[in-house]
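Participant: For reference, the file model_0.tsv (TSV, C-alpha atoms) is included below:
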chain	number	residue	atom	x	y	z
L	369	MET	CA	21.95	17.25	41.91
L	370	ASN	CA	23.21	20.80	41.62
L	371	ILE	CA	22.00	23.64	43.80
L	372	LEU	CA	20.19	25.38	40.93
L	373	ASN	CA	17.97	22.37	40.28
L	374	LEU	CA	17.26	22.04	44.02
L	375	PHE	CA	16.33	25.70	44.13
L	376	LYS	CA	13.92	25.30	41.18
L	377	ILE	CA	12.29	22.24	42.78
L	378	SER	CA	11.88	24.10	46.08
L	379	LEU	CA	10.29	27.14	44.42
L	380	LYS	CA	7.92	24.90	42.49
L	381	ALA	CA	6.89	23.09	45.68
L	382	LEU	CA	6.20	26.41	47.41
L	383	ALA	CA	4.33	27.75	44.38
L	384	ASN	CA	2.04	24.71	44.39
L	385	ASN	CA	0.74	25.80	47.83
L	386	LYS	CA	0.70	29.59	47.54
L	387	MET	CA	-1.83	30.30	50.29
L	388	ARG	CA	-0.15	27.92	52.75
L	389	THR	CA	3.24	29.41	51.95
L	390	PHE	CA	1.93	32.93	52.50
L	391	LEU	CA	0.28	32.03	55.80
L	392	THR	CA	3.52	30.36	56.91
L	393	MET	CA	5.59	33.45	56.24
L	394	LEU	CA	2.95	35.75	57.81
L	395	GLY	CA	4.44	35.22	61.28
L	396	ILE	CA	7.89	36.19	59.98
L	397	ILE	CA	6.44	39.27	58.22
L	398	ILE	CA	4.70	40.47	61.39
L	399	GLY	CA	7.76	39.73	63.54
L	400	VAL	CA	10.24	41.61	61.34
L	401	ALA	CA	7.86	44.54	60.83
L	402	SER	CA	7.23	44.79	64.59
L	403	VAL	CA	10.93	44.73	65.48
L	404	ILE	CA	11.74	47.47	62.94
L	405	ALA	CA	8.81	49.66	64.03
L	406	MET	CA	9.52	49.26	67.76
L	407	LEU	CA	13.25	49.98	67.37
L	408	ALA	CA	12.48	53.00	65.16
L	409	ILE	CA	10.08	54.44	67.74
L	410	GLY	CA	12.54	53.77	70.57
L	411	GLN	CA	15.48	55.33	68.71
L	412	GLY	CA	13.32	58.28	67.68
L	413	SER	CA	12.33	58.83	71.28
L	414	LYS	CA	15.97	58.72	72.39
L	415	LYS	CA	17.11	61.20	69.73
L	416	SER	CA	14.19	63.49	70.54
L	417	ILE	CA	15.20	63.50	74.22
L	418	GLN	CA	18.85	64.22	73.39
L	419	SER	CA	17.86	66.98	70.98
L	420	GLN	CA	15.57	68.68	73.46
L	421	VAL	CA	18.06	68.37	76.30
L	422	SER	CA	20.64	69.94	74.00
L	423	GLU	CA	18.23	72.81	73.29
L	424	MET	CA	17.89	73.34	77.05
L	425	GLY	CA	21.67	73.62	77.33
L	426	SER	CA	23.75	70.44	77.07
L	427	ASN	CA	26.55	71.97	79.18
L	428	MET	CA	24.23	73.31	81.89
L	429	ILE	CA	25.07	72.66	85.54
L	430	MET	CA	22.38	72.89	88.22
L	431	ILE	CA	23.25	73.45	91.88
L	432	HIS	CA	20.67	73.03	94.62
L	433	PRO	CA	20.84	73.11	98.40
L	434	GLY	CA	20.78	69.76	100.13
L	435	ALA	CA	21.86	67.37	102.89
L	436	GLU	CA	21.61	69.87	105.72
L	437	SER	CA	21.17	68.57	109.27
L	438	ARG	CA	20.52	70.54	112.40
L	439	GLY	CA	20.94	68.87	115.79
L	440	GLY	CA	21.06	65.49	114.07
L	441	VAL	CA	17.74	66.12	112.31
L	442	ARG	CA	17.77	66.11	108.51
L	443	GLN	CA	15.96	69.17	107.17
L	444	ASP	CA	13.12	69.23	104.67
L	445	PRO	CA	14.52	70.00	101.16
L	446	SER	CA	12.24	73.05	100.81
L	447	ALA	CA	13.66	74.50	104.04
L	448	MET	CA	17.34	74.12	103.13
L	449	GLN	CA	19.18	77.41	103.00
L	450	THR	CA	22.71	76.29	102.25
L	451	LEU	CA	23.14	78.37	99.09
L	452	LYS	CA	23.75	82.10	99.51
L	453	LEU	CA	24.44	84.99	97.20
L	454	GLU	CA	28.09	84.73	98.26
L	455	ASP	CA	28.21	81.30	96.60
L	456	PHE	CA	26.92	82.81	93.38
L	457	TYR	CA	29.51	85.62	93.53
L	458	SER	CA	32.32	83.11	94.21
L	459	ILE	CA	31.39	80.86	91.29
L	460	ARG	CA	30.95	83.85	88.99
L	461	ASP	CA	34.33	85.34	89.94
L	462	GLU	CA	36.50	82.26	90.56
L	463	ALA	CA	35.29	79.42	88.30
L	464	PHE	CA	37.33	79.70	85.09
L	465	LEU	CA	35.44	76.90	83.32
L	466	VAL	CA	32.06	78.48	83.99
L	467	PRO	CA	31.50	81.57	81.83
L	468	TYR	CA	27.81	81.99	82.70
L	469	THR	CA	26.29	81.85	86.19
L	470	SER	CA	22.85	82.84	87.41
L	471	PRO	CA	21.16	82.69	90.79
L	472	ASN	CA	17.68	81.19	90.84
L	473	VAL	CA	14.81	81.99	93.17
L	474	SER	CA	11.14	81.55	92.36
L	475	SER	CA	7.73	82.40	93.71
L	476	GLY	CA	4.36	80.94	92.74
L	477	GLY	CA	1.14	82.84	92.21
L	478	GLN	CA	-1.32	84.24	89.70
L	479	PHE	CA	-0.49	86.51	86.78
L	480	ILE	CA	-3.25	89.01	86.07
L	481	PHE	CA	-3.79	91.42	83.17
L	482	GLY	CA	-7.20	93.05	82.91
L	483	SER	CA	-9.77	90.30	83.27
L	484	ASN	CA	-7.32	87.57	82.25
L	485	ASN	CA	-5.26	85.51	84.64
L	486	TYR	CA	-2.80	82.62	84.44
L	487	PRO	CA	-1.27	80.54	87.26
L	488	GLY	CA	2.49	80.12	87.31
L	489	SER	CA	5.73	81.12	88.95
L	490	ILE	CA	8.14	83.96	88.45
L	491	ASN	CA	11.85	83.12	88.24
L	492	GLY	CA	14.40	85.49	89.71
L	493	VAL	CA	17.56	85.29	87.59
L	494	ASN	CA	20.16	87.47	85.91
L	495	GLN	CA	20.99	88.01	82.22
L	496	ASP	CA	23.26	84.91	82.05
L	497	TYR	CA	20.17	82.75	82.45
L	498	LEU	CA	19.33	83.28	78.77
L	499	GLU	CA	22.68	81.81	77.65
L	500	ILE	CA	22.51	78.97	80.15
L	501	ARG	CA	18.99	77.88	79.15
L	502	GLN	CA	19.45	78.64	75.43
L	503	LEU	CA	16.68	81.26	75.50
L	504	LYS	CA	16.46	84.22	73.15
L	505	ILE	CA	14.60	87.50	73.30
L	506	GLY	CA	11.97	87.54	70.54
L	507	TYR	CA	11.21	91.25	70.81
L	508	GLY	CA	11.79	93.91	73.41
L	509	GLU	CA	14.89	93.45	75.58
L	510	MET	CA	16.28	91.69	78.64
L	511	PHE	CA	16.29	93.60	81.95
L	512	SER	CA	19.57	95.34	82.78
L	513	ASP	CA	22.18	95.39	85.58
L	514	ALA	CA	20.54	98.61	86.78
L	515	ASP	CA	17.20	96.77	87.10
L	516	ILE	CA	18.94	94.10	89.22
L	517	PHE	CA	20.68	96.71	91.39
L	518	ASN	CA	17.44	98.69	91.93
L	519	ASN	CA	15.19	95.65	92.52
L	520	ALA	CA	13.13	96.90	89.58
L	521	LYS	CA	9.65	95.49	89.02
L	522	VAL	CA	10.25	94.48	85.40
L	523	CYS	CA	9.97	91.11	83.71
L	524	VAL	CA	10.45	89.11	80.50
L	525	ILE	CA	7.66	86.69	79.58
L	526	GLY	CA	7.21	83.63	77.37
L	527	LYS	CA	4.68	83.07	74.58
L	528	THR	CA	2.26	81.04	76.71
L	529	ILE	CA	1.94	83.98	79.11
L	530	VAL	CA	1.35	86.32	76.15
L	531	ASP	CA	-1.32	84.03	74.68
L	532	ASN	CA	-3.19	83.72	77.98
L	533	LEU	CA	-3.02	87.33	79.21
L	534	PHE	CA	-3.11	89.38	76.02
L	535	THR	CA	-6.02	87.69	74.32
L	536	ASN	CA	-7.04	90.82	72.37
L	537	GLY	CA	-3.71	91.03	70.56
L	538	GLU	CA	-2.24	93.89	72.61
L	539	ASP	CA	1.51	94.50	72.37
L	540	PRO	CA	2.86	93.15	75.71
L	541	ILE	CA	5.93	95.43	75.73
L	542	GLY	CA	5.39	98.25	78.19
L	543	GLN	CA	2.23	96.69	79.63
L	544	THR	CA	1.90	96.07	83.35
L	545	ILE	CA	0.86	92.69	84.71
L	546	ARG	CA	0.19	91.96	88.37
L	547	PHE	CA	1.71	89.02	90.23
L	548	ASN	CA	0.58	88.49	93.83
L	549	LYS	CA	-0.71	92.10	93.81
L	550	MET	CA	2.67	93.43	92.69
L	551	PRO	CA	2.88	95.25	89.33
L	552	PHE	CA	5.58	94.18	86.84
L	553	THR	CA	6.32	96.05	83.62
L	554	ILE	CA	7.04	93.79	80.65
L	555	VAL	CA	10.29	94.73	78.90
L	556	GLY	CA	10.74	91.71	76.63
L	557	VAL	CA	9.13	88.58	75.16
L	558	LEU	CA	11.06	85.33	74.68
L	559	GLN	CA	11.21	83.38	71.44
L	560	GLU	CA	8.91	80.36	71.39
L	561	LYS	CA	10.49	77.01	72.42
L	562	GLY	CA	7.50	74.66	72.75
L	563	TYR	CA	7.26	71.61	74.98
L	564	ASN	CA	10.30	69.63	76.06
L	565	SER	CA	10.63	65.81	76.12
L	566	MET	CA	9.20	65.70	79.67
L	567	GLY	CA	6.02	67.44	78.52
L	568	MET	CA	6.89	70.77	80.18
L	569	ASP	CA	5.81	73.98	78.49
L	570	GLN	CA	9.04	75.98	78.06
L	571	ASP	CA	7.07	79.09	77.09
L	572	ALA	CA	5.14	79.31	80.39
L	573	VAL	CA	7.98	81.32	81.89
L	574	VAL	CA	8.36	84.74	83.50
L	575	LEU	CA	11.84	86.06	84.31
L	576	ALA	CA	12.54	88.95	86.67
L	577	PRO	CA	15.68	90.30	88.42
L	578	TYR	CA	16.67	87.91	91.21
L	579	THR	CA	16.98	90.80	93.65
L	580	THR	CA	13.35	91.75	93.01
L	581	VAL	CA	12.08	88.22	93.66
L	582	MET	CA	14.27	87.74	96.72
L	583	LYS	CA	13.48	91.05	98.42
L	584	ARG	CA	10.03	92.07	97.16
L	585	LEU	CA	8.23	88.73	96.56
L	586	ALA	CA	9.77	85.84	98.49
L	587	ALA	CA	11.44	87.89	101.24
L	588	ILE	CA	14.36	85.48	101.55
L	589	THR	CA	18.11	85.88	101.84
L	590	TYR	CA	19.13	82.51	100.43
L	591	LEU	CA	19.07	81.01	96.93
L	592	GLN	CA	16.92	78.12	95.80
L	593	GLY	CA	19.48	77.24	93.16
L	594	ILE	CA	22.37	78.38	90.99
L	595	TYR	CA	22.51	77.64	87.27
L	596	CYS	CA	25.85	77.57	85.45
L	597	SER	CA	27.11	76.81	82.00
L	598	ALA	CA	30.45	75.10	81.35
L	599	ILE	CA	32.61	76.45	78.50
L	600	SER	CA	31.71	73.34	76.49
L	601	GLU	CA	30.00	69.98	76.90
L	602	GLU	CA	33.37	68.21	77.10
L	603	TYR	CA	34.45	70.32	80.09
L	604	THR	CA	31.24	69.85	82.06
L	605	GLU	CA	32.61	67.24	84.48
L	606	ILE	CA	35.76	69.26	85.19
L	607	ALA	CA	33.65	72.39	85.66
L	608	ILE	CA	31.46	70.53	88.18
L	609	GLU	CA	34.55	69.63	90.23
L	610	GLU	CA	35.72	73.25	90.07
L	611	VAL	CA	32.33	74.48	91.30
L	612	ARG	CA	32.22	71.82	94.02
L	613	SER	CA	35.65	72.85	95.28
L	614	ILE	CA	34.58	76.52	95.48
L	615	LEU	CA	31.36	75.72	97.33
L	616	ARG	CA	33.05	73.35	99.80
L	617	GLN	CA	35.59	76.06	100.57
L	618	ASN	CA	32.80	78.65	101.01
L	619	HIS	CA	30.85	76.33	103.29
L	620	LYS	CA	33.99	75.41	105.25
L	621	LEU	CA	33.38	71.69	104.79
L	622	GLU	CA	36.18	69.55	106.17
L	623	GLU	CA	37.74	66.79	104.12
L	624	GLY	CA	35.44	63.74	104.11
L	625	ALA	CA	32.36	65.78	105.07
L	626	VAL	CA	29.24	65.32	102.93
L	627	ASP	CA	28.40	68.16	100.55
L	628	ASN	CA	25.49	70.30	101.81
L	629	PHE	CA	24.49	70.96	98.20
L	630	THR	CA	23.84	68.87	95.11
L	631	ILE	CA	25.25	69.40	91.65
L	632	ARG	CA	23.60	67.91	88.58
L	633	SER	CA	24.52	68.32	84.94
L	634	GLN	CA	22.25	68.28	81.95
L	635	GLN	CA	24.43	65.49	80.53
L	636	GLU	CA	23.61	63.41	83.59
L	637	LEU	CA	19.91	64.01	83.06
L	638	SER	CA	20.24	63.24	79.35
L	639	SER	CA	22.13	59.98	80.07
L	640	MET	CA	19.54	58.92	82.63
L	641	MET	CA	16.64	59.56	80.25
L	642	SER	CA	18.49	57.87	77.37
L	643	SER	CA	19.09	54.82	79.57
L	644	VAL	CA	15.37	54.63	80.37
L	645	SER	CA	14.58	54.99	76.67
L	646	ASP	CA	17.12	52.22	75.81
L	647	VAL	CA	15.54	49.85	78.33
L	648	MET	CA	12.08	50.53	76.92
L	649	THR	CA	13.37	50.02	73.36
L	650	ILE	CA	14.97	46.69	74.23
L	651	LEU	CA	11.81	45.60	76.04
L	652	LEU	CA	9.61	46.50	73.07
L	653	ALA	CA	12.03	44.83	70.63
L	654	CYS	CA	12.06	41.64	72.74
L	655	ILE	CA	8.26	41.56	72.77
L	656	ALA	CA	8.23	42.06	69.00
L	657	GLY	CA	10.96	39.42	68.65
L	658	ILE	CA	8.63	36.84	70.16
L	659	SER	CA	6.61	37.13	66.95
L	660	LEU	CA	9.71	36.03	65.04
L	661	VAL	CA	10.04	32.91	67.20
L	662	VAL	CA	6.33	32.18	66.72
L	663	GLY	CA	6.86	32.61	62.97
L	664	GLY	CA	9.77	30.14	63.10
L	665	ILE	CA	7.60	27.60	64.90
L	666	GLY	CA	5.04	28.08	62.12
L	667	ILE	CA	7.71	27.26	59.55
L	668	MET	CA	8.66	24.09	61.43
L	669	ASN	CA	5.02	23.03	61.66
L	670	ILE	CA	4.35	23.52	57.95
L	671	MET	CA	7.61	21.83	56.95
L	672	TYR	CA	6.61	18.79	59.01
L	673	VAL	CA	3.25	18.69	57.20
L	674	SER	CA	5.03	19.10	53.88
L	675	VAL	CA	7.44	16.21	54.61
L	676	THR	CA	4.53	13.96	55.59
L	677	GLU	CA	2.52	14.87	52.50
L	678	ARG	CA	5.48	14.32	50.16
L	679	THR	CA	6.85	11.14	51.69
L	680	LYS	CA	6.15	9.13	48.54
L	681	GLU	CA	7.76	11.83	46.39
L	682	ILE	CA	10.84	11.69	48.62
L	683	GLY	CA	10.98	7.91	48.32
L	684	LEU	CA	10.63	8.09	44.55
L	685	ARG	CA	13.42	10.64	44.22
L	686	MET	CA	15.71	8.58	46.45
L	687	SER	CA	15.00	5.44	44.37
L	688	VAL	CA	16.16	7.21	41.20
L	689	GLY	CA	19.42	8.41	42.75
L	690	ALA	CA	18.76	11.43	44.96
L	691	ARG	CA	21.11	11.49	47.94
L	692	PRO	CA	20.00	12.29	51.54
L	693	THR	CA	21.94	15.58	51.27
L	694	ASP	CA	19.84	16.53	48.21
L	695	ILE	CA	16.60	15.97	50.17
L	696	LEU	CA	18.02	17.82	53.16
L	697	SER	CA	19.10	20.74	50.97
L	698	GLN	CA	15.73	20.93	49.19
L	699	PHE	CA	13.70	21.29	52.39
L	700	LEU	CA	16.23	23.65	53.92
L	701	ILE	CA	16.02	25.82	50.79
L	702	GLU	CA	12.21	25.88	51.11
L	703	ALA	CA	12.43	27.01	54.76
L	704	THR	CA	15.09	29.59	53.93
L	705	VAL	CA	13.12	30.99	50.98
L	706	ILE	CA	10.05	31.39	53.22
L	707	SER	CA	12.17	33.24	55.79
L	708	ILE	CA	13.97	35.49	53.32
L	709	VAL	CA	10.84	36.46	51.35
L	710	GLY	CA	8.93	36.93	54.63
L	711	GLY	CA	11.82	39.00	55.99
L	712	LEU	CA	11.91	41.25	52.91
L	713	LEU	CA	8.16	41.82	53.06
L	714	GLY	CA	8.48	42.45	56.82
L	715	VAL	CA	11.16	45.10	56.22
L	716	LEU	CA	8.96	46.79	53.61
L	717	ILE	CA	5.88	46.75	55.86
L	718	GLY	CA	7.89	47.71	58.97
L	719	VAL	CA	9.33	50.82	57.27
L	720	SER	CA	5.90	51.77	55.89
L	721	VAL	CA	4.19	51.29	59.28
L	722	THR	CA	6.90	53.34	61.00
L	723	TYR	CA	6.38	56.34	58.74
L	724	LEU	CA	2.60	55.90	58.98
L	725	VAL	CA	2.85	56.06	62.79
L	726	GLN	CA	4.99	59.18	62.50
L	727	MET	CA	2.48	60.80	60.16
L	728	LEU	CA	-0.57	59.97	62.30
L	729	THR	CA	0.88	60.58	65.77
L	730	GLN	CA	3.71	63.08	65.08
L	731	TRP	CA	6.01	60.83	67.15
L	732	ALA	CA	9.72	61.07	66.49
L	733	VAL	CA	10.93	57.90	64.71
L	734	PHE	CA	14.40	56.95	63.49
L	735	ILE	CA	15.04	53.83	61.39
L	736	THR	CA	18.61	52.59	61.67
L	737	SER	CA	20.29	50.29	59.17
L	738	TRP	CA	21.38	47.97	61.97
L	739	SER	CA	17.76	47.41	63.04
L	740	ILE	CA	16.90	46.24	59.51
L	741	ILE	CA	20.01	44.04	59.25
L	742	LEU	CA	19.42	42.61	62.74
L	743	SER	CA	15.74	41.76	62.23
L	744	PHE	CA	16.34	40.36	58.74
L	745	GLY	CA	19.36	38.33	59.90
L	746	VAL	CA	17.50	36.92	62.91
L	747	CYS	CA	14.50	35.89	60.80
L	748	THR	CA	16.81	34.09	58.32
L	749	VAL	CA	18.58	32.24	61.13
L	750	ILE	CA	15.21	31.33	62.67
L	751	GLY	CA	14.01	29.96	59.31
L	752	VAL	CA	17.09	27.75	58.92
L	753	PHE	CA	16.99	26.71	62.59
L	754	PHE	CA	13.33	25.67	62.60
L	755	GLY	CA	13.52	24.18	59.10
L	756	TRP	CA	16.51	21.99	59.89
L	757	TYR	CA	14.77	19.31	61.91
L	758	PRO	CA	11.95	18.54	59.40
L	759	ALA	CA	14.53	18.59	56.57
L	760	ARG	CA	16.74	16.21	58.54
L	761	LYS	CA	13.78	13.89	59.11
L	762	ALA	CA	13.01	13.90	55.37
L	763	SER	CA	16.62	13.10	54.44
L	764	ASN	CA	16.73	10.16	56.87
L	765	LEU	CA	13.68	8.43	55.40
L	766	ASP	CA	14.18	4.88	54.11
L	767	PRO	CA	13.33	4.84	50.34
L	768	ILE	CA	11.39	1.54	50.60
L	769	ASP	CA	9.31	2.71	53.59
L	770	ALA	CA	8.72	6.06	51.92
L	771	LEU	CA	7.40	4.41	48.72
L	772	ARG	CA	5.05	2.23	50.79
L	773	TYR	CA	3.75	5.20	52.80
L	774	GLU	CA	-0.03	5.78	52.45
Rewrite the structure of this file - the entire thing - as structure tokens.

Facilitator:
Amino acid sequence: MNILNLFKISLKALANNKMRTFLTMLGIIIGVASVIAMLAIGQGSKKSIQSQVSEMGSNMIMIHPGAESRGGVRQDPSAMQTLKLEDFYSIRDEAFLVPYTSPNVSSGGQFIFGSNNYPGSINGVNQDYLEIRQLKIGYGEMFSDADIFNNAKVCVIGKTIVDNLFTNGEDPIGQTIRFNKMPFTIVGVLQEKGYNSMGMDQDAVVLAPYTTVMKRLAAITYLQGIYCSAISEEYTEIAIEEVRSILRQNHKLEEGAVDNFTIRSQQELSSMMSSVSDVMTILLACIAGISLVVGGIGIMNIMYVSVTERTKEIGLRMSVGARPTDILSQFLIEATVISIVGGLLGVLIGVSVTYLVQMLTQWAVFITSWSIILSFGVCTVIGVFFGWYPARKASNLDPIDALRYE
């Protein structure tokens, strides 16, 4: 019997039990749709993280004090004072792969304007900080070298600060806000950036000259951090080694001694978060994949019932010349058709559900072609795998016993 006739017989058998066929393929539909939706959400999350990290400066390098011991006692991280202004000057003047460098010191408190107030911290930086963190002045201007030299009480603020302090629509430029009883004149407002992938408001920021924060607010002589920017993302690792070499020389660390500072790159942070996202995606896809296995078991169950119900038909067909391979092929075709049709419907529903989730929740989603091919391919293999044993049982039936079956 040729394959076309077997295919027609299989379709007719499935059509005779439409509801049962649909319920059988329901597990496959749900499994494929779940895998596609979960992978799309996971990939969307990963791309969103990478995009937002890139917006924060994909070639950014962060240096913080660390690993300082005094008299054999390891110091609290907040008390470490291993980074000095001399380190900033050295990196700025000697690191060829680092075009932008900014010191970083901060102080927490309450911003007050009129009867409005907002809790936050003020960051002491220089002008390079804008390039390093991919920030732009929306209107007004950045403070100048003269402001840094004179410890001027000026600042640049983000949109969240504007929205919370200037609730009557005043122009912030030229206005004076108070921070820990100290007046600061606003010279510029940053362009809006929104929330990053870690849920942090990037507009709740106030920048002031680092000299002002160090001498007037925090009263410290050390730095809480140094931010740098490598000439490009590809040179970040080499730039880190260059910076490390400069700092070790400044700190007179002997060969083999542990660094008394830590250096992290934005790439490192991005890779770490992408790895977490990948693990979550795989976990979700595995959970969704269980539905596919359950669907395959459903196919096996129904095929068993079908073989039992059609035992006489099988015996009759064998008695008029059908070979065991014809019977085997017919039932395998039925199982495969259920899987393929279920897989196609699952792809359609999975894509629709993914975009529905995006529309309702505003989550980032990204459907990849490989996720569709993978889920569809797995469901087809599962259909053939779970359909094989019932088909094999049908093909091994004895024609005489099958005709006598009641």

Participant: Near Met428 of chain L, within 10 Å and counting all atoms listed in the file, which residues show up once chain neighbours fewer than 4 positions away are dropped, as a PyMOL selection string?

Facilitator: chain L and resi 421-422+424+466+468-469+499-502+595-601+604+608+632-635

Participant: Write the residues of the preceding selection, restricted to C-alpha atoms, as a PDB file, in the coordinates of the input.

Facilitator:
ATOM      1  CA  VAL L 421      18.060  68.370  76.300  1.00  0.00           C
ATOM      2  CA  SER L 422      20.640  69.940  74.000  1.00  0.00           C
ATOM      3  CA  MET L 424      17.890  73.340  77.050  1.00  0.00           C
ATOM      4  CA  VAL L 466      32.060  78.480  83.990  1.00  0.00           C
ATOM      5  CA  TYR L 468      27.810  81.990  82.700  1.00  0.00           C
ATOM      6  CA  THR L 469      26.290  81.850  86.190  1.00  0.00           C
ATOM      7  CA  GLU L 499      22.680  81.810  77.650  1.00  0.00           C
ATOM      8  CA  ILE L 500      22.510  78.970  80.150  1.00  0.00           C
ATOM      9  CA  ARG L 501      18.990  77.880  79.150  1.00  0.00           C
ATOM     10  CA  GLN L 502      19.450  78.640  75.430  1.00  0.00           C
ATOM     11  CA  TYR L 595      22.510  77.640  87.270  1.00  0.00           C
ATOM     12  CA  CYS L 596      25.850  77.570  85.450  1.00  0.00           C
ATOM     13  CA  SER L 597      27.110  76.810  82.000  1.00  0.00           C
ATOM     14  CA  ALA L 598      30.450  75.100  81.350  1.00  0.00           C
ATOM     15  CA  ILE L 599      32.610  76.450  78.500  1.00  0.00           C
ATOM     16  CA  SER L 600      31.710  73.340  76.490  1.00  0.00           C
ATOM     17  CA  GLU L 601      30.000  69.980  76.900  1.00  0.00           C
ATOM     18  CA  THR L 604      31.240  69.850  82.060  1.00  0.00           C
ATOM     19  CA  ILE L 608      31.460  70.530  88.180  1.00  0.00           C
ATOM     20  CA  ARG L 632      23.600  67.910  88.580  1.00  0.00           C
ATOM     21  CA  SER L 633      24.520  68.320  84.940  1.00  0.00           C
ATOM     22  CA  GLN L 634      22.250  68.280  81.950  1.00  0.00           C
ATOM     23  CA  GLN L 635      24.430  65.490  80.530  1.00  0.00           C
TER      24      GLN L 635
END

Participant: Could you please determine the separation between atom CA of Val493 of chain L and atom CA of Ser474 of chain L in Å, to one decimal place?

Facilitator: 8.8 Å

Participant: Between L:Ile417, L:Cys747, L:Leu558, L:Ala732, single out the one closest to Val705 of chain L, counting all atoms listed in the file.

Facilitator: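 Under the stated criterion, the closest residue is L:Cys747.
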
Participant: What gap, in Å, lies between atom CA of Ile665 of chain L and atom CA of Ile682 of chain L?

Facilitator: 23.0 Å

Participant: Grab the atom CA of Leu453 of chain L to atom CA of Ile594 of chain L distance for me, in Å with one decimal place.

Facilitator: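 Pair atom CA of Leu453 of chain L / atom CA of Ile594 of chain L returns 9.3 Å.
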
Participant: Could you check which residues have any atom within 7 Å of (13.7, 56.0, 73.9), counting all atoms listed in the file with coordinates taken straight from the file, and then list them as a PyMOL selection string?

Facilitator: chain L and resi 410-414+642+644-646+648-649

Participant: Find the residues around Ala401 of chain L up to 7 Å (only C-alpha atoms counted), leave out those fewer than 2 positions away in its own chain, and share them as a list in words.

Facilitator: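 My reading of the contact set: Ile397, Ile398, Gly399, Val403, Ile404, Ala405, Gly714, Val715, Ile717 and Gly718 of chain L.
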
Participant: Excluding same-chain residues fewer than 2 positions from Ile505 of chain L, what lies within 9 Å of it counting all atoms listed in the file, as a PDB file with C-alpha atoms, in the frame of the given file?

Facilitator:
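Okay, this is what ended up in selection_21.pdb:
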ATOM      1  CA  LEU L 498      19.330  83.280  78.770  1.00  0.00           C
ATOM      2  CA  LEU L 503      16.680  81.260  75.500  1.00  0.00           C
ATOM      3  CA  TYR L 507      11.210  91.250  70.810  1.00  0.00           C
ATOM      4  CA  GLY L 508      11.790  93.910  73.410  1.00  0.00           C
ATOM      5  CA  GLU L 509      14.890  93.450  75.580  1.00  0.00           C
ATOM      6  CA  MET L 510      16.280  91.690  78.640  1.00  0.00           C
ATOM      7  CA  VAL L 524      10.450  89.110  80.500  1.00  0.00           C
ATOM      8  CA  GLY L 556      10.740  91.710  76.630  1.00  0.00           C
ATOM      9  CA  VAL L 557       9.130  88.580  75.160  1.00  0.00           C
ATOM     10  CA  LEU L 558      11.060  85.330  74.680  1.00  0.00           C
ATOM     11  CA  GLN L 559      11.210  83.380  71.440  1.00  0.00           C
TER      12      GLN L 559
END

Participant: I'd like the contact shell of Gln730 of chain L - 12 Å cut-off, only C-alpha atoms, skipping same-chain residues fewer than 4 positions apart - returned as a list in words.

Facilitator: Ile409, Gly412, Ser413, Ser416, Thr722, Tyr723, Leu724, Val725 and Gln726 of chain L
